[in-house]
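This is target11.pdb (PDB, C-alpha atoms, pLDDT in the B column).
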```
ATOM      1  CA  MET O   3     130.058  48.870 107.182  1.00 85.00           C
ATOM      2  CA  ARG O   4     132.439  47.175 104.779  1.00 93.00           C
ATOM      3  CA  MET O   5     132.659  47.681 101.017  1.00 96.00           C
ATOM      4  CA  THR O   6     134.424  44.748  99.329  1.00 98.00           C
ATOM      5  CA  PHE O   7     135.793  45.008  95.782  1.00 98.00           C
ATOM      6  CA  ARG O   8     136.738  41.886  93.817  1.00 98.00           C
ATOM      7  CA  CYS O   9     138.175  41.446  90.342  1.00 97.00           C
ATOM      8  CA  ASP O  10     139.123  38.751  87.851  1.00 97.00           C
ATOM      9  CA  PRO O  11     142.444  37.144  88.893  1.00 97.00           C
ATOM     10  CA  SER O  12     144.000  37.661  85.450  1.00 97.00           C
ATOM     11  CA  LEU O  13     143.324  41.394  85.652  1.00 97.00           C
ATOM     12  CA  ALA O  14     144.298  42.042  89.265  1.00 96.00           C
ATOM     13  CA  GLY O  15     147.677  43.500  88.312  1.00 95.00           C
ATOM     14  CA  HIS O  16     146.276  45.638  85.503  1.00 96.00           C
ATOM     15  CA  LEU O  17     143.383  47.502  87.120  1.00 97.00           C
ATOM     16  CA  LEU O  18     143.212  50.805  88.937  1.00 96.00           C
ATOM     17  CA  ARG O  19     141.542  50.390  92.297  1.00 97.00           C
ATOM     18  CA  PRO O  20     138.541  52.472  93.356  1.00 97.00           C
ATOM     19  CA  PHE O  21     139.712  55.243  95.673  1.00 96.00           C
ATOM     20  CA  PRO O  22     138.330  57.655  98.288  1.00 96.00           C
ATOM     21  CA  ALA O  23     136.580  60.583  96.626  1.00 96.00           C
ATOM     22  CA  ARG O  24     138.402  63.018  98.922  1.00 95.00           C
ATOM     23  CA  THR O  25     141.651  62.183  97.073  1.00 94.00           C
ATOM     24  CA  ALA O  26     140.141  63.183  93.711  1.00 91.00           C
ATOM     25  CA  LEU O  27     139.057  66.784  94.232  1.00 95.00           C
ATOM     26  CA  PRO O  28     139.486  68.489  90.846  1.00 95.00           C
ATOM     27  CA  ASP O  29     142.175  70.988  89.998  1.00 95.00           C
ATOM     28  CA  TRP O  30     139.613  73.709  89.317  1.00 95.00           C
ATOM     29  CA  LEU O  31     138.407  73.516  92.927  1.00 95.00           C
ATOM     30  CA  ARG O  32     141.940  73.603  94.317  1.00 94.00           C
ATOM     31  CA  ALA O  33     142.744  76.619  92.118  1.00 95.00           C
ATOM     32  CA  MET O  34     139.546  78.501  92.971  1.00 94.00           C
ATOM     33  CA  PRO O  35     140.157  81.599  95.125  1.00 92.00           C
ATOM     34  CA  ALA O  36     138.654  81.558  98.608  1.00 90.00           C
ATOM     35  CA  LYS O  37     136.983  84.915  97.918  1.00 89.00           C
ATOM     36  CA  ALA O  38     135.737  86.746  94.835  1.00 89.00           C
ATOM     37  CA  HIS O  39     134.322  90.217  94.286  1.00 89.00           C
ATOM     38  CA  SER O  40     130.531  90.525  94.107  1.00 86.00           C
ATOM     39  CA  ASP O  41     129.099  93.535  92.311  1.00 90.00           C
ATOM     40  CA  ILE O  42     125.785  92.877  94.055  1.00 89.00           C
ATOM     41  CA  HIS O  43     127.333  93.065  97.527  1.00 86.00           C
ATOM     42  CA  GLY O  44     129.980  95.634  96.630  1.00 87.00           C
ATOM     43  CA  ARG O  45     132.678  93.619  98.345  1.00 88.00           C
ATOM     44  CA  ASP O  46     134.522  90.297  98.287  1.00 86.00           C
ATOM     45  CA  ILE O  47     132.464  87.274  99.331  1.00 86.00           C
ATOM     46  CA  ARG O  48     133.371  83.685 100.039  1.00 87.00           C
ATOM     47  CA  THR O  49     133.293  81.234  97.137  1.00 91.00           C
ATOM     48  CA  VAL O  50     131.985  77.672  97.243  1.00 93.00           C
ATOM     49  CA  LYS O  51     135.530  76.586  98.029  1.00 92.00           C
ATOM     50  CA  GLN O  52     134.736  77.722 101.580  1.00 91.00           C
ATOM     51  CA  CYS O  53     131.357  75.964 101.675  1.00 92.00           C
ATOM     52  CA  PRO O  54     131.800  72.723 103.648  1.00 93.00           C
ATOM     53  CA  PRO O  55     128.589  71.051 102.354  1.00 95.00           C
ATOM     54  CA  PHE O  56     129.712  71.689  98.755  1.00 95.00           C
ATOM     55  CA  VAL O  57     133.187  70.258  99.326  1.00 95.00           C
ATOM     56  CA  ASP O  58     132.074  67.428 101.627  1.00 96.00           C
ATOM     57  CA  ALA O  59     129.617  66.192  98.990  1.00 96.00           C
ATOM     58  CA  MET O  60     132.440  66.030  96.453  1.00 97.00           C
ATOM     59  CA  ALA O  61     134.704  64.266  98.949  1.00 96.00           C
ATOM     60  CA  HIS O  62     132.188  61.674 100.139  1.00 96.00           C
ATOM     61  CA  GLY O  63     132.277  58.014  99.207  1.00 96.00           C
ATOM     62  CA  VAL O  64     134.353  56.169  96.640  1.00 97.00           C
ATOM     63  CA  MET O  65     135.278  56.973  93.052  1.00 98.00           C
ATOM     64  CA  ILE O  66     135.326  54.379  90.296  1.00 98.00           C
ATOM     65  CA  PRO O  67     138.198  55.243  87.913  1.00 97.00           C
ATOM     66  CA  LEU O  68     138.376  54.861  84.153  1.00 98.00           C
ATOM     67  CA  PRO O  69     140.692  51.865  83.648  1.00 97.00           C
ATOM     68  CA  CYS O  70     142.535  53.157  80.565  1.00 97.00           C
ATOM     69  CA  ASP O  71     142.821  56.122  78.194  1.00 98.00           C
ATOM     70  CA  ILE O  72     139.845  56.571  75.872  1.00 97.00           C
ATOM     71  CA  ARG O  73     140.413  58.571  72.682  1.00 97.00           C
ATOM     72  CA  VAL O  74     137.432  60.472  71.329  1.00 96.00           C
ATOM     73  CA  GLU O  75     137.425  61.757  67.748  1.00 94.00           C
ATOM     74  CA  ALA O  76     134.303  62.910  65.864  1.00 86.00           C
ATOM     75  CA  GLY O  77     132.039  60.874  68.125  1.00 85.00           C
ATOM     76  CA  THR O  78     134.165  57.724  67.810  1.00 92.00           C
ATOM     77  CA  PHE O  79     135.622  56.087  70.896  1.00 95.00           C
ATOM     78  CA  SER O  80     138.802  54.016  70.774  1.00 96.00           C
ATOM     79  CA  TRP O  81     141.391  52.633  73.158  1.00 97.00           C
ATOM     80  CA  ASP O  82     144.608  50.651  73.232  1.00 95.00           C
ATOM     81  CA  TRP O  83     144.495  48.602  76.410  1.00 94.00           C
ATOM     82  CA  ASP O  84     146.750  45.574  76.448  1.00 93.00           C
ATOM     83  CA  ILE O  85     145.349  43.307  79.158  1.00 95.00           C
ATOM     84  CA  PRO O  86     145.166  39.525  79.418  1.00 95.00           C
ATOM     85  CA  GLU O  87     142.070  37.578  78.532  1.00 96.00           C
ATOM     86  CA  PRO O  88     139.924  37.424  81.692  1.00 96.00           C
ATOM     87  CA  ALA O  89     139.873  34.022  83.373  1.00 97.00           C
ATOM     88  CA  THR O  90     136.151  34.369  84.116  1.00 96.00           C
ATOM     89  CA  SER O  91     133.643  33.461  81.421  1.00 95.00           C
ATOM     90  CA  GLY O  92     131.381  36.350  80.379  1.00 94.00           C
ATOM     91  CA  HIS O  93     133.707  38.980  81.846  1.00 95.00           C
ATOM     92  CA  PRO O  94     134.151  42.189  79.784  1.00 93.00           C
ATOM     93  CA  ARG O  95     137.487  43.144  78.333  1.00 94.00           C
ATOM     94  CA  ALA O  96     136.571  46.448  76.690  1.00 96.00           C
ATOM     95  CA  PRO O  97     136.312  49.519  78.931  1.00 96.00           C
ATOM     96  CA  LEU O  98     133.193  50.729  77.091  1.00 95.00           C
ATOM     97  CA  SER O  99     130.021  49.384  75.550  1.00 93.00           C
ATOM     98  CA  PHE O 100     126.867  51.178  74.480  1.00 90.00           C
ATOM     99  CA  HIS O 101     123.138  51.542  75.127  1.00 84.00           C
ATOM    100  CA  PRO O 102     120.848  52.229  72.149  1.00 83.00           C
ATOM    101  CA  ALA O 103     119.237  55.671  72.159  1.00 78.00           C
ATOM    102  CA  SER O 104     115.768  54.095  72.420  1.00 83.00           C
ATOM    103  CA  GLN O 105     116.470  53.007  75.993  1.00 84.00           C
ATOM    104  CA  PHE O 106     116.490  56.666  77.053  1.00 81.00           C
ATOM    105  CA  ALA O 107     113.987  57.964  74.497  1.00 79.00           C
ATOM    106  CA  ALA O 108     111.589  59.652  76.954  1.00 81.00           C
ATOM    107  CA  ALA O 109     114.185  60.733  79.530  1.00 85.00           C
ATOM    108  CA  PRO O 110     114.829  64.494  79.855  1.00 85.00           C
ATOM    109  CA  PHE O 111     118.569  63.931  79.628  1.00 82.00           C
ATOM    110  CA  ALA O 112     118.359  61.991  76.344  1.00 79.00           C
ATOM    111  CA  ASN O 113     120.111  63.659  73.410  1.00 76.00           C
ATOM    112  CA  GLY O 114     119.180  61.270  70.622  1.00 76.00           C
ATOM    113  CA  ARG O 115     122.540  59.507  70.590  1.00 73.00           C
ATOM    114  CA  SER O 116     123.542  56.154  71.942  1.00 71.00           C
ATOM    115  CA  ALA O 117     124.617  56.287  75.573  1.00 88.00           C
ATOM    116  CA  ILE O 118     128.005  54.967  76.551  1.00 92.00           C
ATOM    117  CA  LYS O 119     128.325  52.381  79.276  1.00 95.00           C
ATOM    118  CA  PHE O 120     131.425  52.240  81.437  1.00 97.00           C
ATOM    119  CA  ASN O 121     131.976  48.542  81.970  1.00 95.00           C
ATOM    120  CA  SER O 122     132.724  47.321  85.460  1.00 90.00           C
ATOM    121  CA  PHE O 123     135.918  45.484  86.299  1.00 96.00           C
ATOM    122  CA  TRP O 124     135.166  45.246  90.001  1.00 97.00           C
ATOM    123  CA  THR O 125     132.280  43.585  91.777  1.00 98.00           C
ATOM    124  CA  ILE O 126     131.109  45.414  94.898  1.00 98.00           C
ATOM    125  CA  GLU O 127     129.698  43.749  98.011  1.00 98.00           C
ATOM    126  CA  LEU O 128     128.136  45.600 100.939  1.00 98.00           C
ATOM    127  CA  ASP O 129     126.974  44.437 104.345  1.00 97.00           C
ATOM    128  CA  ALA O 130     123.386  43.260 104.802  1.00 97.00           C
ATOM    129  CA  GLY O 131     120.828  46.046 104.673  1.00 97.00           C
ATOM    130  CA  TRP O 132     122.962  48.429 102.602  1.00 97.00           C
ATOM    131  CA  SER O 133     122.613  49.512  98.973  1.00 98.00           C
ATOM    132  CA  LEU O 134     125.086  51.147  96.626  1.00 98.00           C
ATOM    133  CA  PHE O 135     124.110  54.538  95.223  1.00 98.00           C
ATOM    134  CA  ALA O 136     126.139  55.308  92.095  1.00 98.00           C
ATOM    135  CA  THR O 137     125.927  58.766  90.590  1.00 98.00           C
ATOM    136  CA  HIS O 138     127.828  61.264  88.479  1.00 98.00           C
ATOM    137  CA  PRO O 139     130.864  62.612  90.341  1.00 98.00           C
ATOM    138  CA  VAL O 140     129.346  65.380  92.445  1.00 98.00           C
ATOM    139  CA  ASN O 141     129.584  68.937  91.045  1.00 97.00           C
ATOM    140  CA  ARG O 142     131.726  67.690  88.135  1.00 97.00           C
ATOM    141  CA  ASP O 143     130.034  69.362  85.190  1.00 95.00           C
ATOM    142  CA  ASP O 144     133.500  69.736  83.665  1.00 96.00           C
ATOM    143  CA  LEU O 145     133.446  66.069  82.646  1.00 97.00           C
ATOM    144  CA  PRO O 146     132.227  65.488  79.057  1.00 95.00           C
ATOM    145  CA  PHE O 147     129.607  62.972  80.117  1.00 95.00           C
ATOM    146  CA  ARG O 148     126.759  62.754  82.606  1.00 94.00           C
ATOM    147  CA  LEU O 149     126.412  59.493  84.493  1.00 96.00           C
ATOM    148  CA  VAL O 150     122.922  58.073  84.904  1.00 94.00           C
ATOM    149  CA  SER O 151     122.362  57.533  88.640  1.00 96.00           C
ATOM    150  CA  GLY O 152     121.375  54.127  89.962  1.00 97.00           C
ATOM    151  CA  LEU O 153     120.773  52.297  93.227  1.00 98.00           C
ATOM    152  CA  VAL O 154     121.863  48.655  93.524  1.00 98.00           C
ATOM    153  CA  ASP O 155     121.182  46.293  96.419  1.00 98.00           C
ATOM    154  CA  ALA O 156     124.822  45.302  96.552  1.00 98.00           C
ATOM    155  CA  ASP O 157     124.414  43.232  99.698  1.00 98.00           C
ATOM    156  CA  ARG O 158     122.534  40.786  97.432  1.00 97.00           C
ATOM    157  CA  PHE O 159     123.835  41.564  93.956  1.00 97.00           C
ATOM    158  CA  HIS O 160     127.597  41.319  94.295  1.00 97.00           C
ATOM    159  CA  ASP O 161     128.748  38.447  92.088  1.00 96.00           C
ATOM    160  CA  GLY O 162     128.378  40.413  88.847  1.00 95.00           C
ATOM    161  CA  GLY O 163     129.782  43.751  87.828  1.00 93.00           C
ATOM    162  CA  ILE O 164     127.765  46.959  88.216  1.00 94.00           C
ATOM    163  CA  ASN O 165     128.064  48.866  84.952  1.00 94.00           C
ATOM    164  CA  PHE O 166     127.684  52.639  84.731  1.00 96.00           C
ATOM    165  CA  PRO O 167     125.655  54.128  81.839  1.00 94.00           C
ATOM    166  CA  ALA O 168     126.264  57.726  80.862  1.00 95.00           C
ATOM    167  CA  VAL O 169     125.139  60.264  78.280  1.00 92.00           C
ATOM    168  CA  TRP O 170     127.950  61.957  76.364  1.00 92.00           C
ATOM    169  CA  THR O 171     127.253  65.670  76.761  1.00 91.00           C
ATOM    170  CA  GLN O 172     130.015  67.271  74.662  1.00 91.00           C
ATOM    171  CA  PRO O 173     129.556  66.165  71.038  1.00 87.00           C
ATOM    172  CA  ASP O 174     132.408  68.459  69.920  1.00 90.00           C
ATOM    173  CA  PHE O 175     134.866  66.956  72.413  1.00 92.00           C
ATOM    174  CA  SER O 176     138.071  65.799  70.739  1.00 95.00           C
ATOM    175  CA  GLY O 177     140.905  64.351  72.762  1.00 96.00           C
ATOM    176  CA  VAL O 178     141.621  61.814  75.450  1.00 97.00           C
ATOM    177  CA  LEU O 179     139.558  60.904  78.476  1.00 97.00           C
ATOM    178  CA  GLU O 180     142.455  59.968  80.688  1.00 97.00           C
ATOM    179  CA  LYS O 181     143.007  56.786  82.635  1.00 97.00           C
ATOM    180  CA  GLY O 182     141.976  57.341  86.250  1.00 97.00           C
ATOM    181  CA  THR O 183     139.262  59.880  85.431  1.00 97.00           C
ATOM    182  CA  PRO O 184     136.452  59.460  87.996  1.00 98.00           C
ATOM    183  CA  ILE O 185     133.464  57.990  86.153  1.00 97.00           C
ATOM    184  CA  ALA O 186     131.143  57.239  89.085  1.00 98.00           C
ATOM    185  CA  GLN O 187     130.896  58.319  92.713  1.00 98.00           C
ATOM    186  CA  CYS O 188     129.512  55.607  94.980  1.00 98.00           C
ATOM    187  CA  PHE O 189     127.980  55.795  98.441  1.00 95.00           C
ATOM    188  CA  ALA O 190     126.732  53.030 100.692  1.00 97.00           C
ATOM    189  CA  VAL O 191     123.238  53.926 101.892  1.00 96.00           C
ATOM    190  CA  PRO O 192     121.007  52.132 104.417  1.00 96.00           C
ATOM    191  CA  ARG O 193     117.927  50.588 102.845  1.00 94.00           C
ATOM    192  CA  GLU O 194     115.655  51.045 105.847  1.00 93.00           C
ATOM    193  CA  ALA O 195     113.226  53.880 105.154  1.00 91.00           C
ATOM    194  CA  PRO O 196     113.219  56.776 107.631  1.00 91.00           C
ATOM    195  CA  GLU O 197     110.191  57.733 109.681  1.00 96.00           C
ATOM    196  CA  LEU O 198     109.007  61.185 108.597  1.00 97.00           C
ATOM    197  CA  VAL O 199     107.950  63.492 111.437  1.00 97.00           C
ATOM    198  CA  PHE O 200     106.527  67.004 110.913  1.00 97.00           C
ATOM    199  CA  GLU O 201     106.286  69.592 113.696  1.00 97.00           C
ATOM    200  CA  ALA O 202     105.877  73.331 114.154  1.00 98.00           C
ATOM    201  CA  PHE O 203     108.616  75.140 116.072  1.00 97.00           C
ATOM    202  CA  ASP O 204     108.018  75.297 119.804  1.00 97.00           C
ATOM    203  CA  GLU O 205     109.511  78.213 121.734  1.00 97.00           C
ATOM    204  CA  ALA O 206     112.822  76.456 122.302  1.00 97.00           C
ATOM    205  CA  HIS O 207     113.217  75.657 118.587  1.00 97.00           C
ATOM    206  CA  GLN O 208     112.335  79.228 117.664  1.00 97.00           C
ATOM    207  CA  GLN O 209     115.017  80.560 119.976  1.00 97.00           C
ATOM    208  CA  SER O 210     117.557  78.062 118.640  1.00 96.00           C
ATOM    209  CA  TYR O 211     116.699  78.987 115.064  1.00 96.00           C
ATOM    210  CA  GLU O 212     117.095  82.700 115.737  1.00 96.00           C
ATOM    211  CA  LYS O 213     120.403  82.138 117.552  1.00 95.00           C
ATOM    212  CA  VAL O 214     121.922  79.976 114.798  1.00 95.00           C
ATOM    213  CA  VAL O 215     120.810  82.278 111.985  1.00 95.00           C
ATOM    214  CA  SER O 216     122.147  85.376 113.726  1.00 95.00           C
ATOM    215  CA  GLU O 217     125.501  83.654 114.351  1.00 93.00           C
ATOM    216  CA  VAL O 218     125.767  82.500 110.738  1.00 90.00           C
ATOM    217  CA  LEU O 219     125.031  86.003 109.460  1.00 87.00           C
ATOM    218  CA  ALA O 220     127.389  87.681 111.916  1.00 88.00           C
ATOM    219  CA  ALA O 221     130.595  85.734 111.257  1.00 86.00           C
ATOM    220  CA  PRO O 222     132.143  83.319 108.752  1.00 86.00           C
ATOM    221  CA  ASN O 223     132.818  79.611 109.310  1.00 88.00           C
ATOM    222  CA  VAL O 224     130.166  79.056 111.995  1.00 90.00           C
ATOM    223  CA  TYR O 225     129.058  75.765 110.446  1.00 90.00           C
ATOM    224  CA  ARG O 226     132.651  74.631 109.951  1.00 87.00           C
ATOM    225  CA  LYS O 227     133.673  75.449 113.530  1.00 90.00           C
ATOM    226  CA  HIS O 228     130.620  74.328 115.474  1.00 89.00           C
ATOM    227  CA  PHE O 229     128.501  71.933 113.437  1.00 91.00           C
ATOM    228  CA  ARG O 230     130.613  70.106 110.868  1.00 89.00           C
ATOM    229  CA  ALA O 231     131.259  66.547 111.990  1.00 89.00           C
ATOM    230  CA  LYS O 232     134.675  64.966 111.787  1.00 85.00           C
ATOM    231  CA  ARG O 233     134.698  62.386 109.012  1.00 80.00           C
ATOM    232  CA  GLY O 234     136.473  59.071 109.271  1.00 74.00           C
ATOM    233  CA  ARG O 235     139.086  58.108 106.742  1.00 71.00           C
ATOM    234  CA  LEU O 236     138.341  55.177 104.440  1.00 69.00           C
ATOM    235  CA  THR O 237     140.530  52.212 105.257  1.00 70.00           C
ATOM    236  CA  THR O 238     141.779  49.326 103.145  1.00 63.00           C
TER     237      THR O 238
END
```
Kindly present the structure from the file in structure tokens form.
Amino acid sequence: MRMTFRCDPSLAGHLLRPFPARTALPDWLRAMPAKAHSDIHGRDIRTVKQCPPFVDAMAHGVMIPLPCDIRVEAGTFSWDWDIPEPATSGHPRAPLSFHPASQFAAAPFANGRSAIKFNSFWTIELDAGWSLFATHPVNRDDLPFRLVSGLVDADRFHDGGINFPAVWTQPDFSGVLEKGTPIAQCFAVPREAPELVFEAFDEAHQQSYEKVVSEVLAAPNVYRKHFRAKRGRLTT
């Protein structure tokens, strides 16, 4: 499956490229200790840093980066981004635009303020039968915004930019949202619906269940050593 990014020719030398999510694991995860003391258990236990599903979710797919520094002061957003005028008519030049609060009025994540919209500077094309799932960078509650997730049939819609709306979640934030900050994590997902099958355990599945659970409880890293699949590297 191929994911093709295209941009305006006048901006090609000025834009950060989307990058593999595995290269953008946050500093707080890297600095997290592998073990921490639990008063409940009375001993040190493994932290989520040693949980492959937690880390693999953060490392999966592609990150869309913020194209320039955004300064935030008292709820006002500003930037100084010296780029050429796009050669393509109707193409955005500003890194941000806004959604009125009424568009999210009944949503549980609405906070009564206008939502920001990260403008797209790349179009994204997928192979036939695939859609693009864009969501908030996984497990990144440290970011001062919360992206609104969306699913786009990017095998069909690929000649216009996919913008990324978000709710600003830290009204007291003052400072700079730095260039390169991940603003959206994107996965290619097959559009064909799965067939749902429901069964009770037979004897063999019961025995397998009991064996796996006992192994997981008896020793660390069972999933990592015996079940975790090797993941391919994204290529360009």
- Message: the PyMOL selection byres ((chain O and resi 14-27) around 8) - which residues does that actually catch in the file I just gave you? List them as a ChimeraX atom specification.
- Response: /O:9-13,28-29,31-32,60-69,85,123,182,184,187,236
- Task: Rounded to one decimal place, report the CA of Thr237 in chain O-CA of Phe7 in chain O distance in Å.
- Result: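 That distance, rounded to one decimal, is 12.8 Å.
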- Message: Please list as number ranges by chain every residue within 10 Å of His160 in chain O, counting only C-alpha atoms and excluding residues in the same chain fewer than 4 positions away.
- Response: O: 6-8, 124-128, 154-156, 164
- Spell out the residues picked by the PyMOL selection byres ((chain O and resi 94) around 8) here, as JSON, numbers by chain. {"O": [88, 92, 93, 95, 96, 97, 121, 122, 123]}
- Query: What does the PyMOL selection byres ((chain O and resi 225-234) around 10) select in this file, as a list in words?
  - Reply: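 Those residues are Gln52, Cys53, Pro54, Pro55, Asp58, His62, Val214, Glu217, Val218, Pro222, Asn223, Val224, Arg235, Leu236 and Thr237 of chain O.
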- Message: List the spatial neighbours of range 143-147 of chain O as a list in words - criterion: any atom at most 7 Å away, all atoms listed in the file, same-chain residues fewer than 6 positions off excluded.
- Response: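 Listing them by chain and then by number gives Ala168, Val169, Trp170, Thr171 and Gln172 of chain O.
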- Message: What does the structure give for the distance between CA of Phe56 in chain O and CA of Ile42 in chain O, in Å to one decimal?
- Response: 22.1 Å
- In Å, how far is it from CA of Asp82 in chain O to CA of Cys70 in chain O? 8.0 Å
- Query: Of the candidates O:Lys213, O:Arg158, O:His101, O:Arg73, which one gets nearest to Arg115 in chain O if we count all atoms listed in the file?
  - Reply: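 For Arg115 in chain O, the nearest of the given residues is O:His101.
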- Task: Please provide as a ChimeraX atom specification all residues within 7 Å of range 130-138 of chain O, with the sequence filter that same-chain residues fewer than 5 positions apart are discarded (counting only C-alpha atoms).
- Result: /O:148-157,185-193
Keeping only C-alpha atoms, write the selected residues to a file as an mmCIF file, keeping the file's coordinate frame.
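Result file out29.cif:
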```
data_model
loop_
_atom_site.group_PDB
_atom_site.id
_atom_site.type_symbol
_atom_site.label_atom_id
_atom_site.label_comp_id
_atom_site.auth_asym_id
_atom_site.auth_seq_id
_atom_site.Cartn_x
_atom_site.Cartn_y
_atom_site.Cartn_z
ATOM 1 C CA ARG O 148 126.759 62.754 82.606
ATOM 2 C CA LEU O 149 126.412 59.493 84.493
ATOM 3 C CA VAL O 150 122.922 58.073 84.904
ATOM 4 C CA SER O 151 122.362 57.533 88.640
ATOM 5 C CA GLY O 152 121.375 54.127 89.962
ATOM 6 C CA LEU O 153 120.773 52.297 93.227
ATOM 7 C CA VAL O 154 121.863 48.655 93.524
ATOM 8 C CA ASP O 155 121.182 46.293 96.419
ATOM 9 C CA ALA O 156 124.822 45.302 96.552
ATOM 10 C CA ASP O 157 124.414 43.232 99.698
ATOM 11 C CA ILE O 185 133.464 57.990 86.153
ATOM 12 C CA ALA O 186 131.143 57.239 89.085
ATOM 13 C CA GLN O 187 130.896 58.319 92.713
ATOM 14 C CA CYS O 188 129.512 55.607 94.980
ATOM 15 C CA PHE O 189 127.980 55.795 98.441
ATOM 16 C CA ALA O 190 126.732 53.030 100.692
ATOM 17 C CA VAL O 191 123.238 53.926 101.892
ATOM 18 C CA PRO O 192 121.007 52.132 104.417
ATOM 19 C CA ARG O 193 117.927 50.588 102.845
#
```
Please define a box with edges along x, y and z of the file around all atoms of range 87-91 of chain O given in the file, extend it by 3 Å on each side, and return its centre and edge lengths in Å to one decimal, as lines of an AutoDock Vina configuration file.
```
center_x = 137.9
center_y = 35.5
center_z = 81.3
size_x = 14.4
size_y = 10.1
size_z = 11.6
```
- Task: Find the residues around Leu179 in chain O up to 8 Å (all atoms listed in the file counted), leave out those fewer than 5 positions away in its own chain, and share them as a ChimeraX atom specification.
- Result: /O:71-74
- Top pick for closest residue to Ser91 in chain O, considering O:Thr78, O:Gly162, O:Arg142, O:Pro173 and counting all atoms listed in the file: O:Gly162
- Message: So, with only C-alpha atoms as the atoms that count, which of O:Ala36, O:Gln209, O:Gly77, O:Phe100 lies closest to Arg48 in chain O?
- Response: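 Selected residue with least distance to Arg48 in chain O: O:Ala36.
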